[in-house]
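Next comes final-v8.txt, with compact mmCIF, C-alpha atoms.
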# COMPACT_ATOMS: atom_id res chain seq x y z
CA MET A 458 -45.62 2.91 5.00
CA THR A 459 -48.94 4.16 6.28
CA THR A 460 -49.28 7.60 7.72
CA THR A 461 -51.60 6.79 10.57
CA SER A 462 -50.22 3.58 11.98
CA GLN A 463 -50.10 4.90 15.54
CA ALA A 464 -53.01 4.19 17.83
CA ALA A 465 -53.76 7.87 18.17
CA GLY A 466 -53.48 8.41 14.44
CA HIS A 467 -50.22 10.31 14.74
CA LEU A 468 -46.97 9.75 12.87
CA SER A 469 -44.69 7.09 14.30
CA PRO A 470 -41.13 8.15 15.18
CA ASP A 471 -39.82 6.21 12.17
CA GLN A 472 -42.28 7.95 9.86
CA LEU A 473 -41.36 11.30 11.32
CA ASN A 474 -37.63 10.73 10.81
CA ALA A 475 -38.09 9.29 7.33
CA PHE A 476 -40.16 12.34 6.43
CA VAL A 477 -37.65 14.95 7.60
CA ASP A 478 -34.79 12.91 6.08
CA ARG A 479 -36.69 12.72 2.76
CA GLU A 480 -36.45 8.96 2.67
CA LEU A 481 -40.04 8.39 1.54
CA SER A 482 -41.49 7.98 -1.91
CA SER A 483 -43.31 10.95 -3.38
CA GLY A 484 -46.64 9.23 -2.69
CA GLU A 485 -45.79 8.68 0.96
CA MET A 486 -44.57 12.26 1.28
CA GLU A 487 -47.87 13.53 -0.09
CA GLN A 488 -49.85 11.37 2.33
CA ILE A 489 -47.93 12.73 5.29
CA GLU A 490 -48.19 16.31 4.08
CA GLN A 491 -51.95 15.81 3.87
CA HIS A 492 -51.97 14.43 7.42
CA LEU A 493 -49.95 17.39 8.68
CA MET A 494 -52.52 19.81 7.35
CA ASP A 495 -55.11 18.25 9.64
CA CYS A 496 -52.96 17.33 12.65
CA HIS A 497 -51.46 20.21 14.58
CA PRO A 498 -49.46 18.06 17.07
CA CYS A 499 -47.75 16.17 14.24
CA ALA A 500 -47.05 19.40 12.37
CA LEU A 501 -45.33 20.73 15.51
CA ARG A 502 -43.28 17.54 15.79
CA VAL A 503 -42.17 17.78 12.18
CA LEU A 504 -41.22 21.41 12.65
CA SER A 505 -39.25 20.56 15.78
CA ALA A 506 -37.52 17.60 14.08
CA THR A 507 -36.58 19.70 11.08
CA GLN A 508 -35.10 22.38 13.33
CA LEU A 509 -33.12 19.77 15.23
CA LYS A 510 -31.80 18.28 11.98
CA THR A 511 -30.72 21.70 10.73
CA ALA A 512 -29.07 22.58 14.04
CA THR A 513 -27.25 19.23 14.13
CA ALA A 514 -25.90 19.73 10.63
CA ARG A 515 -24.79 23.27 11.40
CA ALA A 516 -23.00 22.26 14.61
CA ALA A 517 -21.35 19.21 13.06
CA GLN A 518 -20.15 21.15 10.07
CA SER A 519 -18.67 23.84 12.29
CA VAL A 520 -15.78 21.45 12.86
CA ALA A 521 -13.26 22.37 10.20
CA ALA A 522 -9.94 20.83 9.39
CA PRO A 523 -7.01 23.13 10.23
CA PRO A 524 -5.63 24.55 6.96
CA GLU A 525 -2.21 22.97 7.56
CA ALA A 526 -3.83 19.56 8.04
CA LEU A 527 -5.74 19.92 4.78
CA THR A 528 -2.52 20.97 3.07
CA ARG A 529 -0.74 17.87 4.34
CA LEU A 530 -3.61 15.61 3.31
CA THR A 531 -3.74 17.17 -0.14
CA ALA A 532 0.03 16.74 -0.46
CA GLN A 533 -0.31 13.10 0.53
CA LEU A 534 -2.99 12.59 -2.09
CA ASN A 535 -0.86 14.27 -4.74
CA ALA A 536 2.17 12.23 -3.70
CA GLN A 537 0.24 9.01 -4.04
CA PHE A 538 -1.05 10.15 -7.39
CA HIS A 539 2.38 10.94 -8.76
CA GLN A 540 4.11 8.06 -7.03
CA ARG A 541 5.81 5.71 -9.43
CA PRO A 542 4.33 2.23 -9.00
CA PRO A 543 6.81 -0.07 -7.26
CA ARG A 544 8.21 -2.57 -9.67
CA LYS A 545 6.90 -6.06 -9.25
CA THR A 546 10.33 -7.53 -8.63
CA MET A 547 10.87 -4.99 -5.88
CA ARG A 548 7.66 -5.96 -4.14
CA ALA A 549 8.38 -9.65 -4.31
CA SER A 550 11.87 -9.13 -2.96
CA TRP A 551 10.58 -8.08 0.44
CA THR A 552 9.95 -11.68 1.32
CA ARG A 553 12.63 -13.17 -0.93
CA PRO A 554 16.03 -11.71 -0.07
CA MET A 555 17.94 -14.09 -2.35
CA GLN A 556 16.03 -12.85 -5.37
CA TRP A 557 16.77 -9.38 -4.20
CA ALA A 558 20.45 -10.16 -4.10
CA ALA A 559 20.35 -11.26 -7.71
CA VAL A 560 18.42 -8.20 -8.79
CA ALA A 561 20.67 -5.89 -6.84
CA ALA A 562 23.81 -7.59 -8.17
CA SER A 563 22.54 -7.21 -11.73
CA PHE A 564 21.73 -3.63 -10.99
CA LEU A 565 25.27 -2.99 -9.76
CA PHE A 566 26.74 -4.69 -12.80
CA VAL A 567 24.75 -2.50 -15.14
CA ILE A 568 25.66 0.73 -13.44
CA SER A 569 29.34 -0.24 -13.43
CA LEU A 570 29.15 -0.61 -17.20
CA VAL A 571 27.58 2.74 -17.81
CA GLY A 572 29.72 4.46 -15.18
CA LEU A 573 27.04 6.41 -13.43
CA ARG A 574 28.35 9.15 -11.30
CA GLN A 575 28.28 9.03 -7.52
CA ALA A 576 25.39 11.45 -7.30
CA ARG A 577 23.22 9.35 -9.52
CA GLN A 578 24.07 6.28 -7.50
CA ALA A 579 23.01 8.08 -4.34
CA GLY A 580 19.72 8.91 -6.03
CA ALA A 581 19.28 5.27 -6.96
CA VAL A 582 19.84 4.27 -3.33
CA SER A 583 17.13 6.68 -2.24
CA ALA A 584 14.77 5.27 -4.86
CA GLU A 585 15.59 1.76 -3.77
CA LEU A 586 14.91 2.56 -0.13
CA LEU A 587 11.60 4.15 -1.04
CA ASP A 588 10.64 1.17 -3.18
CA GLN A 589 11.32 -1.16 -0.29
CA HIS A 590 9.37 1.01 2.11
CA LEU A 591 6.39 1.12 -0.26
CA ALA A 592 6.63 -2.60 -0.82
CA ALA A 593 6.46 -3.17 2.93
CA LEU A 594 3.41 -0.90 3.13
CA SER A 595 1.52 -2.29 0.18
CA SER A 596 2.24 -6.01 0.38
CA GLY A 597 0.87 -6.45 3.85
CA ALA A 598 3.51 -9.15 4.35
CA LEU A 599 4.58 -9.59 7.93
CA PRO A 600 8.23 -9.19 8.81
CA GLU A 601 10.20 -12.25 9.84
CA VAL A 602 10.43 -11.13 13.41
CA ILE A 603 7.44 -9.40 14.93
CA SER A 604 8.04 -7.88 18.31
CA THR A 605 8.01 -4.58 20.11
CA ASP A 606 10.79 -5.82 22.38
CA ARG A 607 14.30 -4.83 21.35
CA HIS A 608 15.63 -7.82 23.29
CA THR A 609 13.76 -10.05 20.85
CA VAL A 610 14.41 -8.17 17.63
CA LYS A 611 18.12 -7.51 18.00
CA PRO A 612 19.18 -11.11 18.81
CA TRP A 613 17.17 -12.38 15.84
CA PHE A 614 19.65 -10.71 13.47
CA GLN A 615 22.71 -12.27 15.14
CA GLY A 616 24.50 -14.61 12.76
CA LYS A 617 22.40 -13.41 9.84
CA LEU A 618 24.33 -10.20 9.19
CA PRO A 619 28.07 -9.48 8.98
CA PHE A 620 27.64 -6.70 11.53
CA SER A 621 25.73 -5.99 14.70
CA PHE A 622 23.83 -3.01 15.94
CA ASN A 623 22.17 -1.70 19.06
CA LEU A 624 18.60 -0.59 19.59
CA PRO A 625 17.93 2.34 21.91
CA GLU A 626 16.64 1.57 25.38
CA ALA A 627 14.00 4.26 25.03
CA LEU A 628 12.47 5.28 21.74
CA PRO A 629 11.16 8.81 21.11
CA ALA A 630 7.60 9.54 22.17
CA ASP A 631 4.82 7.82 20.19
CA THR A 632 7.38 5.58 18.49
CA THR A 633 6.95 1.81 18.61
CA LEU A 634 9.14 -0.97 17.28
CA LYS A 635 7.11 -3.42 15.18
CA GLY A 636 9.70 -5.92 14.04
CA GLY A 637 12.43 -6.53 11.55
CA ASP A 638 13.58 -8.48 8.54
CA LEU A 639 16.61 -9.13 6.40
CA THR A 640 16.93 -7.33 3.11
CA TYR A 641 19.51 -5.98 0.71
CA VAL A 642 20.28 -2.38 -0.03
CA ASN A 643 22.48 -1.75 -3.01
CA ALA A 644 23.58 -5.40 -2.89
CA GLN A 645 24.63 -5.09 0.73
CA PRO A 646 22.93 -7.16 3.39
CA ALA A 647 20.84 -4.91 5.56
CA ALA A 648 18.65 -5.03 8.63
CA MET A 649 15.23 -3.60 7.95
CA LEU A 650 13.54 -2.39 11.11
CA LEU A 651 9.90 -1.41 11.11
CA PHE A 652 8.55 1.22 13.46
CA THR A 653 5.35 3.18 13.82
CA ILE A 654 5.22 6.80 14.88
CA ARG A 655 1.61 7.26 15.87
CA LYS A 656 -0.07 5.79 12.78
CA HIS A 657 2.77 6.39 10.36
CA GLU A 658 4.90 3.51 9.22
CA VAL A 659 8.67 3.94 9.25
CA SER A 660 11.23 1.67 7.58
CA VAL A 661 14.80 1.87 8.87
CA PHE A 662 17.69 0.27 6.99
CA LEU A 663 20.97 -0.51 8.70
CA THR A 664 23.95 -1.44 6.54
CA GLN A 665 27.63 -1.87 7.20
CA ARG A 666 29.59 1.23 6.43
CA SER A 667 31.83 0.91 3.39
CA ASN A 668 33.35 3.13 0.78
CA ARG A 669 31.54 1.31 -1.97
CA LEU A 670 28.16 2.75 -1.27
CA ALA A 671 27.51 6.28 -2.40
CA VAL A 672 26.97 8.72 0.41
CA PRO A 673 23.66 10.45 -0.07
CA GLY A 674 22.95 13.76 1.57
CA LEU A 675 21.64 13.84 5.10
CA SER A 676 18.09 14.08 3.87
CA ALA A 677 16.02 13.68 0.76
CA THR A 678 12.39 13.77 -0.22
CA ARG A 679 10.94 11.50 -2.85
CA SER A 680 7.28 11.42 -3.83
CA GLY A 681 6.32 13.08 -0.60
CA PHE A 682 8.24 10.63 1.59
CA ALA A 683 11.07 11.87 3.76
CA ILE A 684 14.35 9.94 3.77
CA ARG A 685 16.88 10.60 6.50
CA TYR A 686 20.44 9.30 6.71
CA ALA A 687 22.95 9.05 9.51
CA ILE A 688 26.43 7.58 9.68
CA THR A 689 28.09 6.04 12.70
CA PRO A 690 31.63 4.64 12.84
CA GLU A 691 30.33 1.20 11.83
CA LEU A 692 26.94 1.68 10.24
CA ARG A 693 24.86 3.59 7.78
CA ILE A 694 21.33 4.33 8.90
CA ALA A 695 18.55 5.30 6.52
CA ALA A 696 14.92 5.91 7.46
CA VAL A 697 11.94 6.36 5.16
CA SER A 698 8.45 7.51 6.12
CA ASP A 699 5.66 9.96 5.46
CA VAL A 700 5.80 11.09 9.07
CA SER A 701 6.96 14.64 9.82
CA SER A 702 10.66 15.35 9.31
CA ALA A 703 11.07 16.26 12.96
CA ASP A 704 9.70 12.91 14.13
CA LEU A 705 11.88 11.05 11.66
CA ASP A 706 14.95 13.01 12.74
CA ARG A 707 14.32 12.09 16.38
CA LEU A 708 14.14 8.39 15.57
CA VAL A 709 17.28 8.45 13.42
CA ALA A 710 19.13 10.40 16.10
CA ALA A 711 18.08 7.89 18.76
CA LEU A 712 19.28 4.99 16.61
CA ALA A 713 22.58 6.69 15.88
CA GLN A 714 23.05 7.51 19.54
CA ALA A 715 22.42 3.88 20.49
CA GLN A 716 25.41 2.76 18.42
CA SER A 717 27.75 4.74 20.66
CA PRO A 718 26.05 4.80 24.03
CA ASP A 719 29.17 6.00 25.77
CA MET B 1435 -1.46 -1.64 -9.68
CA LEU B 1436 -3.77 1.16 -10.72
CA SER B 1437 -3.39 2.81 -14.08
CA ALA B 1438 -2.61 6.49 -14.33
CA ALA B 1439 -6.22 7.14 -15.37
CA SER B 1440 -7.54 5.31 -12.30
CA ARG B 1441 -5.21 7.26 -10.04
CA ALA B 1442 -6.39 10.50 -11.61
CA SER B 1443 -9.97 9.42 -11.10
CA PHE B 1444 -9.25 8.54 -7.46
CA GLU B 1445 -7.66 11.91 -6.85
CA SER B 1446 -10.49 13.85 -8.46
CA LEU B 1447 -13.06 11.93 -6.41
CA THR B 1448 -11.18 12.15 -3.11
CA LEU B 1449 -9.89 15.71 -3.13
CA PRO B 1450 -13.32 17.40 -2.72
CA LEU B 1451 -14.14 15.01 0.13
CA LEU B 1452 -11.09 15.77 2.27
CA PRO B 1453 -12.90 18.36 4.46
CA SER B 1454 -15.83 15.97 5.00
CA LEU B 1455 -13.55 13.03 5.72
CA TYR B 1456 -11.56 15.07 8.21
CA ARG B 1457 -14.71 16.41 9.89
CA HIS B 1458 -16.20 12.95 10.24
CA ALA B 1459 -12.89 11.53 11.46
CA PHE B 1460 -12.78 14.23 14.11
CA TRP B 1461 -16.26 13.39 15.33
CA LEU B 1462 -15.23 9.74 15.49
CA CYS B 1463 -12.08 10.16 17.53
CA ARG B 1464 -12.56 13.69 18.97
CA ASP B 1465 -8.91 14.57 18.44
CA HIS B 1466 -7.43 16.66 15.62
CA SER B 1467 -4.09 14.86 15.40
CA GLU B 1468 -5.75 11.46 15.44
CA ALA B 1469 -8.31 12.62 12.87
CA GLU B 1470 -5.57 13.60 10.43
CA ASP B 1471 -3.81 10.26 10.90
CA LEU B 1472 -7.10 8.46 10.41
CA VAL B 1473 -7.82 10.25 7.13
CA GLN B 1474 -4.26 9.67 5.92
CA GLU B 1475 -4.49 5.97 6.58
CA SER B 1476 -7.95 5.77 5.04
CA ILE B 1477 -6.79 7.47 1.85
CA SER B 1478 -3.89 5.03 1.54
CA LYS B 1479 -6.21 2.08 2.03
CA ALA B 1480 -8.78 3.50 -0.37
CA LEU B 1481 -6.18 3.98 -3.09
CA ARG B 1482 -4.98 0.41 -2.71
CA ALA B 1483 -8.57 -0.85 -2.83
CA PHE B 1484 -9.78 1.52 -5.55
CA ALA B 1485 -9.87 -1.28 -8.11
CA SER B 1486 -12.76 -2.75 -6.11
CA PHE B 1487 -14.81 0.45 -6.32
CA GLN B 1488 -17.66 0.06 -8.79
CA ALA B 1489 -18.03 3.09 -11.02
CA GLY B 1490 -21.50 4.56 -10.82
CA THR B 1491 -21.96 3.72 -7.16
CA ASN B 1492 -21.62 6.28 -4.40
CA PHE B 1493 -17.91 7.00 -3.90
CA LYS B 1494 -18.57 9.04 -0.77
CA ALA B 1495 -20.30 6.11 0.93
CA TRP B 1496 -17.49 3.81 -0.24
CA ILE B 1497 -14.65 5.88 1.16
CA PHE B 1498 -16.57 6.69 4.35
CA ARG B 1499 -16.93 2.96 4.88
CA ILE B 1500 -13.14 2.63 4.65
CA LEU B 1501 -12.78 5.50 7.13
CA HIS B 1502 -15.27 3.82 9.48
CA ASN B 1503 -13.47 0.48 9.29
CA THR B 1504 -10.08 2.11 9.75
CA PHE B 1505 -11.41 3.84 12.85
CA LEU B 1506 -12.72 0.56 14.25
CA THR B 1507 -9.21 -0.89 14.22
CA SER B 1508 -7.67 2.18 15.86
CA ARG B 1509 -7.09 2.36 19.58
CA THR B 1510 -9.90 4.88 20.06
CA GLY B 1511 -12.19 2.82 17.85
CA ILE B 1512 -11.56 -0.36 19.82
CA ALA B 1513 -12.37 1.48 23.02
CA ALA B 1514 -15.55 2.91 21.51
CA ALA B 1515 -16.61 -0.53 20.32
CA ARG B 1516 -16.88 -1.58 23.94
CA THR B 1517 -19.96 0.60 24.17
CA VAL B 1518 -23.03 -1.48 24.84
CA PHE B 1519 -24.95 -2.18 21.64
CA LEU B 1520 -28.43 -0.83 22.07
CA GLU B 1521 -29.85 -3.47 19.77
CA ASP B 1522 -28.73 -5.99 22.37
CA GLN B 1523 -30.47 -4.03 25.11
CA PRO B 1524 -34.11 -3.85 24.00
CA GLU B 1525 -35.18 -2.16 27.20
CA LEU B 1526 -32.96 0.78 26.32
CA LEU B 1527 -34.61 1.07 22.96
CA SER B 1528 -38.13 1.54 24.21
CA VAL B 1529 -39.13 4.84 22.71
CA SER B 1530 -40.94 7.08 25.08
CA ASP B 1531 -43.61 9.45 23.89
CA ASP B 1532 -41.79 11.94 21.70
CA ARG B 1533 -44.70 14.26 21.09
CA PRO B 1534 -43.61 17.86 21.58
CA THR B 1535 -43.76 19.26 25.04
CA PRO B 1536 -43.49 22.94 25.96
CA GLU B 1537 -39.78 22.31 26.58
CA ASP B 1538 -39.35 21.38 22.94
CA HIS B 1539 -40.12 24.91 21.94
CA LEU B 1540 -37.37 26.18 24.18
CA ILE B 1541 -34.80 23.65 23.09
CA ARG B 1542 -31.50 25.41 22.64
CA LEU B 1543 -31.26 24.91 18.92
CA ASN B 1544 -29.75 28.30 18.31
CA ASN B 1545 -26.90 27.67 20.70
CA GLU B 1546 -24.24 26.02 18.59
CA THR B 1547 -22.02 25.35 21.58
CA ALA B 1548 -24.86 23.56 23.35
CA ILE B 1549 -25.53 21.41 20.28
CA ASN B 1550 -21.83 20.65 19.94
CA ASP B 1551 -21.67 19.59 23.57
CA ALA B 1552 -24.79 17.48 23.17
CA LEU B 1553 -23.36 15.77 20.10
CA ALA B 1554 -20.17 15.08 22.03
CA GLN B 1555 -22.22 13.45 24.79
CA LEU B 1556 -24.03 11.13 22.41
CA GLN B 1557 -22.91 7.52 22.34
CA PRO B 1558 -20.56 7.06 19.36
CA LEU B 1559 -22.83 4.29 18.14
CA LEU B 1560 -25.67 6.78 17.82
CA ARG B 1561 -23.65 9.83 16.83
CA GLU B 1562 -22.07 8.34 13.71
CA PRO B 1563 -25.28 7.48 11.78
CA LEU B 1564 -26.84 10.78 12.83
CA LEU B 1565 -23.89 12.77 11.48
CA LEU B 1566 -23.72 10.69 8.30
CA CYS B 1567 -27.38 11.56 7.78
CA ASP B 1568 -27.59 15.18 8.91
CA ALA B 1569 -24.08 16.54 8.27
CA GLU B 1570 -22.94 14.40 5.34
CA GLY B 1571 -26.30 14.01 3.63
CA LEU B 1572 -26.07 10.25 3.11
CA LYS B 1573 -29.25 8.25 2.58
CA TYR B 1574 -30.24 5.48 4.99
CA LYS B 1575 -29.16 2.74 2.60
CA GLU B 1576 -25.77 4.43 2.14
CA ILE B 1577 -25.34 4.73 5.91
CA ALA B 1578 -26.19 1.04 6.18
CA LEU B 1579 -23.38 0.38 3.71
CA VAL B 1580 -20.90 2.53 5.63
CA LEU B 1581 -21.70 0.94 8.99
CA ASP B 1582 -22.38 -2.52 7.61
CA VAL B 1583 -25.67 -2.82 9.48
CA PRO B 1584 -29.26 -3.39 8.29
CA ILE B 1585 -31.21 -0.32 7.24
CA GLY B 1586 -33.63 -0.87 10.13
CA THR B 1587 -30.73 -0.52 12.54
CA VAL B 1588 -29.76 2.75 10.89
CA MET B 1589 -33.29 4.07 11.36
CA SER B 1590 -33.49 3.02 14.99
CA ARG B 1591 -30.08 4.51 15.80
CA ILE B 1592 -30.94 7.83 14.16
CA SER B 1593 -34.26 7.91 15.97
CA ARG B 1594 -32.59 7.13 19.28
CA ALA B 1595 -29.85 9.70 18.63
CA ARG B 1596 -32.37 12.47 18.08
CA GLN B 1597 -34.31 11.48 21.13
CA SER B 1598 -31.12 11.56 23.22
CA LEU B 1599 -30.16 14.94 21.77
CA ARG B 1600 -33.51 16.36 22.79
CA GLN B 1601 -33.13 15.07 26.32
CA ILE B 1602 -29.63 16.54 26.61
CA LEU B 1603 -30.70 19.88 25.15
CA ARG B 1604 -33.79 20.41 27.25
CA PRO B 1605 -33.28 23.35 29.56
CA GLU B 1606 -32.98 22.61 33.22
CA GLY B 1607 -34.30 24.45 36.24
CA LYS B 1608 -34.27 28.16 35.82
CA GLU B 1609 -33.42 28.06 32.18
CA PHE B 1610 -36.96 26.87 31.57
CA GLN B 1611 -39.01 29.98 31.72
If you convert what's in this file into structure tokens, what do you get?
Amino acid sequence: MTTTSQAAGHLSPDQLNAFVDRELSSGEMEQIEQHLMDCHPCALRVLSATQLKTATARAAQSVAAPPEALTRLTAQLNAQFHQRPPRKTMRASWTRPMQWAAVAASFLFVISLVGLRQARQAGAVSAELLDQHLAALSSGALPEVISTDRHTVKPWFQGKLPFSFNLPEALPADTTLKGGDLTYVNAQPAAMLLFTIRKHEVSVFLTQRSNRLAVPGLSATRSGFAIRYAITPELRIAAVSDVSSADLDRLVAALAQAQSPD
Amino acid sequence: MLSAASRASFESLTLPLLPSLYRHAFWLCRDHSEAEDLVQESISKALRAFASFQAGTNFKAWIFRILHNTFLTSRTGIAAARTVFLEDQPELLSVSDDRPTPEDHLIRLNNETAINDALAQLQPLLREPLLLCDAEGLKYKEIALVLDVPIGTVMSRISRARQSLRQILRPEGKEFQ
């Protein structure tokens, strides 16, 4: 880069910017510094450009993240750090329900032998739900039915599950239905519904209510993900997401309400 | 799946950058809630892609590129992408004489609100490389990596951004004394 490429012998705009951004080699910097000693107009331009750069940086950096936002982001980072990697079989199962059935059946057989208590079983269900949610997030696999229309998603499950369910006419604000798929939860066939709340992914699992499945508490938190449960006369509803608890509660409540619209 | 050591490395590299990532996300989408979502999604993507990060290269440029690409696929990003590309409009790129005028000496550089407003008025296409350079301290070649454009494009956008800022910041009417 030459220092006097302009017709009038002044610095070009590119040279000026490269100089104030310290993008030049030491030799080029020296050449320009020498030119500035002899050229008052260019020296003024460099001074002005440097002031503008400083003012831009100061103004841009005045935007600070709210402390609570930084806390949430740090928590998310920590949660991802401490998150137990999903087991390979769990990830593969998302697109292969029959394999899942075998794995889940084996799992049930094992726990019947060791006689785990109800509370531990409930914990296993939570872990299983979280594994499935993470598998859906990380695999990038598309669900079997992709639609934001409840009139498309709900009929798709008919004949594939031993129960039926309703989807709410109106979802909570910022909540969008993405689609659904068949899966198994604790060896029970389940409908997996995928939603987004703003940019957060939510997995909802609907299973037929039975006495066999342990009843977890109404809420749980695992690895930074919230899990919410609801029970209707016919169904169990479980939702997993990293969205705020309030948002997740609203979605679960809307789904529960839709099962008994009257 | 990343090893525990890789996850620890990712966390130690990312944690100090959270304020910068958030700040840049805010300037991209101009909304605090959206900025937080954008950073969250970018961190998730970066963790999943961390195996592709080459040790010894600039992690900040790498994760800012993920943030930039995540923004491009967001609703706000898609809308911003409809902005006319200056490189496709050569007549808009003609650089007028930028030698200092008397107004330059009165430019409102000490008025942070005025600078903030001027930055907000800049086209997103120009604002992003300028902020990566001035606020985040990235070099031209790193900005080229983040934006996936040639280094010459980075230089022309930064030059154009500064020229636009000057025009916006010049005092009008009675303010010019």
Near B:Arg1596, within 8 Å and counting all atoms listed in the file, which residues show up once chain neighbours fewer than 4 positions away are dropped, as a compact mmCIF listing (two decimals) with C-alpha atoms, in the frame of the given file?
# COMPACT_ATOMS: atom_id res chain seq x y z
CA LEU A 509 -33.12 19.77 15.23
CA LEU B 1564 -26.84 10.78 12.83
CA ILE B 1592 -30.94 7.83 14.16
CA ARG B 1600 -33.51 16.36 22.79
How big is the axis-aligned box around all listed atoms of stretch 1578-1587 of chain B once 3 Å goes on each side, and where's its centre, in Å to one decimal, as JSON?
{"center_x": -27.3, "center_y": -0.4, "center_z": 8.1, "size_x": 18.7, "size_y": 11.9, "size_z": 14.8}
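Picture a line from atom CA of B:Leu1579 to atom CA of B:Cys1567; it runs 12.6 Å.
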(request) Using only C-alpha atoms, determine which residues lie at most 8 Å from stretch 697-704 of chain A, disregarding the query and same-chain residues fewer than 2 positions distant; provide the list as a ChimeraX atom specification. (result) /A:586-587,590,654,657-661,681-685,695,706-708
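Interatomic distance, atom CA of A:Val642 against atom CA of A:Ser583: 9.8 Å.
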(message) If the cut-off is 9 Å, can you tell me the residues of chain A near chain B, counting only C-alpha atoms? I'd like them as a PyMOL selection string.
(response) chain A and resi 470-471+474-475+478-480+498-499+501-502+505-506+508-523+526-527+529-531+533-535+537-539+542-543+595+655-657
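Here atom CA of A:Val477 stands at a distance of 15.3 Å from atom CA of B:Arg1591.
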(request) Name all residues at most 7 Å from A:Thr632 (count all atoms listed in the file; drop same-chain ones fewer than 2 positions away) and give them as a PyMOL selection string. (result) chain A and resi 628-630+634+652-655
(request) Skip A:Asp495 itself and residues of its chain fewer than 6 positions away, then list as number ranges by chain all residues within 12 Å of it, counting only C-alpha atoms. (result) A: 466-467, 488-489, 501
(request) Kindly indicate which residue among B:Asp1465, B:Thr1587, B:Gln1557, B:Leu1581 lies nearest to B:Ile1500, using all atoms listed in the file for the distances. (result) B:Leu1581
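The list of residues with at least one atom within 10 Å of A:Gln714, based on only C-alpha atoms and without residues fewer than 5 positions apart in the same chain, reads Asn623, Leu624, Pro625, Thr689, Leu708, Val709 and Asp719 of chain A.
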Supply stretch 1479-1493 of chain B as a PDB file, in the coordinates of the input, with N, CA and C atoms built in where the input has gaps.
ATOM      1  N   LYS B1479      -5.474   3.330   2.212  1.00  0.00           N
ATOM      2  CA  LYS B1479      -6.210   2.080   2.030  1.00  0.00           C
ATOM      3  C   LYS B1479      -7.158   2.181   0.843  1.00  0.00           C
ATOM      4  N   ALA B1480      -7.814   3.330   0.716  1.00  0.00           N
ATOM      5  CA  ALA B1480      -8.780   3.500  -0.370  1.00  0.00           C
ATOM      6  C   ALA B1480      -8.084   3.424  -1.727  1.00  0.00           C
ATOM      7  N   LEU B1481      -6.907   4.018  -1.809  1.00  0.00           N
ATOM      8  CA  LEU B1481      -6.180   3.980  -3.090  1.00  0.00           C
ATOM      9  C   LEU B1481      -5.827   2.541  -3.445  1.00  0.00           C
ATOM     10  N   ARG B1482      -5.368   1.800  -2.442  1.00  0.00           N
ATOM     11  CA  ARG B1482      -4.980   0.410  -2.710  1.00  0.00           C
ATOM     12  C   ARG B1482      -6.201  -0.434  -3.098  1.00  0.00           C
ATOM     13  N   ALA B1483      -7.369  -0.044  -2.562  1.00  0.00           N
ATOM     14  CA  ALA B1483      -8.570  -0.850  -2.830  1.00  0.00           C
ATOM     15  C   ALA B1483      -9.426  -0.261  -3.947  1.00  0.00           C
ATOM     16  N   PHE B1484      -8.933   0.786  -4.599  1.00  0.00           N
ATOM     17  CA  PHE B1484      -9.780   1.520  -5.550  1.00  0.00           C
ATOM     18  C   PHE B1484     -10.254   0.633  -6.698  1.00  0.00           C
ATOM     19  N   ALA B1485      -9.469  -0.382  -7.017  1.00  0.00           N
ATOM     20  CA  ALA B1485      -9.870  -1.280  -8.110  1.00  0.00           C
ATOM     21  C   ALA B1485     -11.199  -1.960  -7.793  1.00  0.00           C
ATOM     22  N   SER B1486     -11.519  -2.074  -6.486  1.00  0.00           N
ATOM     23  CA  SER B1486     -12.760  -2.750  -6.110  1.00  0.00           C
ATOM     24  C   SER B1486     -13.953  -1.806  -6.121  1.00  0.00           C
ATOM     25  N   PHE B1487     -13.694  -0.502  -6.297  1.00  0.00           N
ATOM     26  CA  PHE B1487     -14.810   0.450  -6.320  1.00  0.00           C
ATOM     27  C   PHE B1487     -15.545   0.332  -7.651  1.00  0.00           C
ATOM     28  N   GLN B1488     -16.862   0.217  -7.573  1.00  0.00           N
ATOM     29  CA  GLN B1488     -17.660   0.060  -8.790  1.00  0.00           C
ATOM     30  C   GLN B1488     -18.115   1.437  -9.272  1.00  0.00           C
ATOM     31  N   ALA B1489     -17.651   1.801 -10.460  1.00  0.00           N
ATOM     32  CA  ALA B1489     -18.030   3.090 -11.020  1.00  0.00           C
ATOM     33  C   ALA B1489     -19.548   3.190 -11.097  1.00  0.00           C
ATOM     34  N   GLY B1490     -20.054   4.350 -10.780  1.00  0.00           N
ATOM     35  CA  GLY B1490     -21.500   4.560 -10.820  1.00  0.00           C
ATOM     36  C   GLY B1490     -22.152   4.407  -9.463  1.00  0.00           C
ATOM     37  N   THR B1491     -21.433   3.782  -8.516  1.00  0.00           N
ATOM     38  CA  THR B1491     -21.960   3.720  -7.160  1.00  0.00           C
ATOM     39  C   THR B1491     -21.446   4.926  -6.388  1.00  0.00           C
ATOM     40  N   ASN B1492     -21.919   5.073  -5.174  1.00  0.00           N
ATOM     41  CA  ASN B1492     -21.620   6.280  -4.400  1.00  0.00           C
ATOM     42  C   ASN B1492     -20.199   6.211  -3.812  1.00  0.00           C
ATOM     43  N   PHE B1493     -19.297   7.018  -4.373  1.00  0.00           N
ATOM     44  CA  PHE B1493     -17.910   7.000  -3.900  1.00  0.00           C
ATOM     45  C   PHE B1493     -17.812   7.505  -2.463  1.00  0.00           C
TER      46      PHE B1493
END
